[in-house]
>>> print(open('input10.cif').read())   # mmCIF, C-alpha atoms
data_work
loop_
_atom_site.group_PDB
_atom_site.id
_atom_site.type_symbol
_atom_site.label_atom_id
_atom_site.label_comp_id
_atom_site.auth_asym_id
_atom_site.auth_seq_id
_atom_site.Cartn_x
_atom_site.Cartn_y
_atom_site.Cartn_z
ATOM 1 C CA MET A 28 86.314 97.505 110.567
ATOM 2 C CA LEU A 29 88.395 98.508 113.618
ATOM 3 C CA ASN A 30 88.320 94.955 114.926
ATOM 4 C CA ALA A 31 89.590 93.637 111.581
ATOM 5 C CA ILE A 32 92.407 96.203 111.513
ATOM 6 C CA THR A 33 93.332 95.382 115.104
ATOM 7 C CA LEU A 34 93.464 91.657 114.353
ATOM 8 C CA GLU A 35 95.681 92.187 111.309
ATOM 9 C CA ILE A 36 98.101 94.350 113.304
ATOM 10 C CA GLU A 37 98.248 91.697 116.042
ATOM 11 C CA ARG A 38 98.777 88.979 113.430
ATOM 12 C CA HIS A 39 101.653 90.917 111.887
ATOM 13 C CA LEU A 40 103.297 91.482 115.272
ATOM 14 C CA ALA A 41 102.924 87.805 116.171
ATOM 15 C CA GLU A 42 104.771 86.873 112.981
ATOM 16 C CA ASN A 43 107.290 89.746 113.142
ATOM 17 C CA ARG A 44 107.974 90.566 116.804
ATOM 18 C CA GLY A 45 110.609 93.174 115.998
ATOM 19 C CA ALA A 46 108.429 95.046 113.518
ATOM 20 C CA ALA A 47 107.835 98.756 114.040
ATOM 21 C CA ASP A 48 106.475 101.403 111.702
ATOM 22 C CA SER A 49 104.420 104.567 111.435
ATOM 23 C CA ALA A 50 100.654 104.366 111.075
ATOM 24 C CA GLU A 51 101.093 105.112 107.359
ATOM 25 C CA GLY A 52 103.641 102.310 106.989
ATOM 26 C CA ILE A 53 101.441 99.917 108.930
ATOM 27 C CA ARG A 54 98.524 100.628 106.616
ATOM 28 C CA ALA A 55 100.714 100.212 103.529
ATOM 29 C CA TRP A 56 102.710 97.144 104.560
ATOM 30 C CA TRP A 57 101.109 95.289 107.484
ATOM 31 C CA LEU A 58 97.497 95.193 106.340
ATOM 32 C CA PRO A 59 96.346 92.871 103.561
ATOM 33 C CA ALA A 60 95.910 94.499 100.140
ATOM 34 C CA ARG A 61 92.122 94.540 100.467
ATOM 35 C CA MET A 62 92.420 96.745 103.584
ATOM 36 C CA ARG A 63 95.058 99.233 102.441
ATOM 37 C CA GLY A 64 92.426 101.783 101.467
ATOM 38 C CA VAL A 65 90.998 102.101 104.972
ATOM 39 C CA PRO A 66 91.118 105.608 106.418
ATOM 40 C CA LEU A 67 94.358 106.330 108.259
ATOM 41 C CA GLU A 68 92.280 107.488 111.229
ATOM 42 C CA HIS A 69 90.957 103.926 111.607
ATOM 43 C CA VAL A 70 94.492 102.529 111.659
ATOM 44 C CA ILE A 71 95.513 105.080 114.288
ATOM 45 C CA GLU A 72 92.454 104.287 116.402
ATOM 46 C CA ALA A 73 93.222 100.546 116.237
ATOM 47 C CA LEU A 74 96.844 101.242 117.218
ATOM 48 C CA GLU A 75 95.763 103.425 120.138
ATOM 49 C CA ARG A 76 93.424 100.690 121.364
ATOM 50 C CA LEU A 77 96.288 98.192 121.202
ATOM 51 C CA LYS A 78 98.546 100.667 123.011
ATOM 52 C CA ASP A 79 95.957 101.134 125.765
ATOM 53 C CA ALA A 80 95.717 97.332 126.070
ATOM 54 C CA GLY A 81 99.510 97.097 126.440
ATOM 55 C CA VAL A 82 99.981 95.194 123.187
ATOM 56 C CA VAL A 83 101.904 97.877 121.308
ATOM 57 C CA LYS A 84 104.202 100.682 122.342
ATOM 58 C CA LYS A 85 104.155 104.143 120.787
ATOM 59 C CA THR A 86 107.451 105.955 120.387
ATOM 60 C CA GLN A 87 107.830 109.537 119.227
ATOM 61 C CA VAL A 88 110.365 109.877 116.429
ATOM 62 C CA GLY A 89 110.854 113.431 115.240
ATOM 63 C CA VAL A 90 107.399 114.868 114.638
ATOM 64 C CA GLY A 91 105.693 111.489 114.209
ATOM 65 C CA TYR A 92 105.182 108.190 115.980
ATOM 66 C CA VAL A 93 106.348 104.627 115.461
ATOM 67 C CA TYR A 94 104.361 101.652 116.767
ATOM 68 C CA GLY A 95 105.782 98.241 117.637
ATOM 69 C CA ALA A 96 105.190 95.326 119.978
ATOM 70 C CA ALA A 97 105.271 96.234 123.651
ATOM 71 C CA PRO A 98 108.210 94.471 125.329
ATOM 72 C CA GLY A 99 107.321 91.426 127.372
ATOM 73 C CA THR A 100 103.688 91.427 126.306
ATOM 74 C CA PRO A 101 102.488 88.484 124.246
ATOM 75 C CA THR A 102 100.311 89.365 121.277
ATOM 76 C CA ARG A 103 96.661 88.457 121.760
ATOM 77 C CA HIS A 104 94.793 86.266 119.258
#
>>> encode(input="input10.cif", output="structure tokens")
Amino acid sequence: MLNAITLEIERHLAENRGAADSAEGIRAWWLPARMRGVPLEHVIEALERLKDAGVVKKTQVGVGYVYGAAPGTPTRH
């Protein structure tokens, strides 16, 4: 399931390079309808993997985090 979530996040970023959202927003808006019920922890784990790979950046905003495409890094497919 993590691989599928990761691929959908990468797909969304490839189509919307300026997109950025919280993990909750990513689950609600970036994932296909059939995947919107996945545990939030899975979405966060996929985002952290992408962050560690340099694909996404994580920015603290208030008490939460926003994830978006890392600058200068092409999205993997």
>>> residues_around(input="input10.cif", residues="segment 71-75 of chain A", least_positions_apart="2", cutoff="6 Å", atoms="all atoms listed in the file", output="list in words")
Leu29, Thr33, Glu68, His69, Leu77 and Lys78 of chain A
>>> write_last_selection(input="input10.cif", atoms="C-alpha atoms", output="compact mmCIF listing (two decimals), in the coordinates of the input")
# COMPACT_ATOMS: atom_id res chain seq x y z
CA LEU A 29 88.40 98.51 113.62
CA THR A 33 93.33 95.38 115.10
CA GLU A 68 92.28 107.49 111.23
CA HIS A 69 90.96 103.93 111.61
CA LEU A 77 96.29 98.19 121.20
CA LYS A 78 98.55 100.67 123.01
>>> closest_residue(input="input10.cif", among="A:His39, A:Val65, A:Asn30, A:Lys84", to="Glu51 of chain A", atoms="only C-alpha atoms")
A:Val65
>>> resolve_selection(input="input10.cif", expression="the PyMOL selection byres ((chain A and resi 58) around 10)", output="PyMOL selection string")
chain A and resi 31-36+38-39+52-57+59-65+70
>>> closest_residue(input="input10.cif", among="A:Gly89, A:Pro66, A:Gly95, A:Gly81", to="Asp48 of chain A", atoms="all atoms listed in the file")
A:Gly95
>>> atom_distance(input="input10.cif", atom1="atom CA of Leu40 of chain A", atom2="atom CA of Tyr94 of chain A")
10.3 Å
>>> closest_residue(input="input10.cif", among="A:Pro98, A:Glu42, A:Ala80, A:Ser49", to="Leu67 of chain A", atoms="all atoms listed in the file")
A:Ser49
>>> axis_aligned_box(input="input10.cif", around="segment 59-67 of chain A", padding_each_side="5 Å", output="lines of an AutoDock Vina configuration file")
center_x = 93.7
center_y = 99.6
center_z = 104.2
size_x = 15.3
size_y = 23.5
size_z = 18.1
>>> atom_distance(input="input10.cif", atom1="atom CA of Val83 of chain A", atom2="atom CA of Ala41 of chain A")
11.4 Å
>>> closest_residue(input="input10.cif", among="A:Thr86, A:Ala96, A:Asp79, A:Gly91", to="Glu37 of chain A", atoms="all atoms listed in the file")
A:Ala96
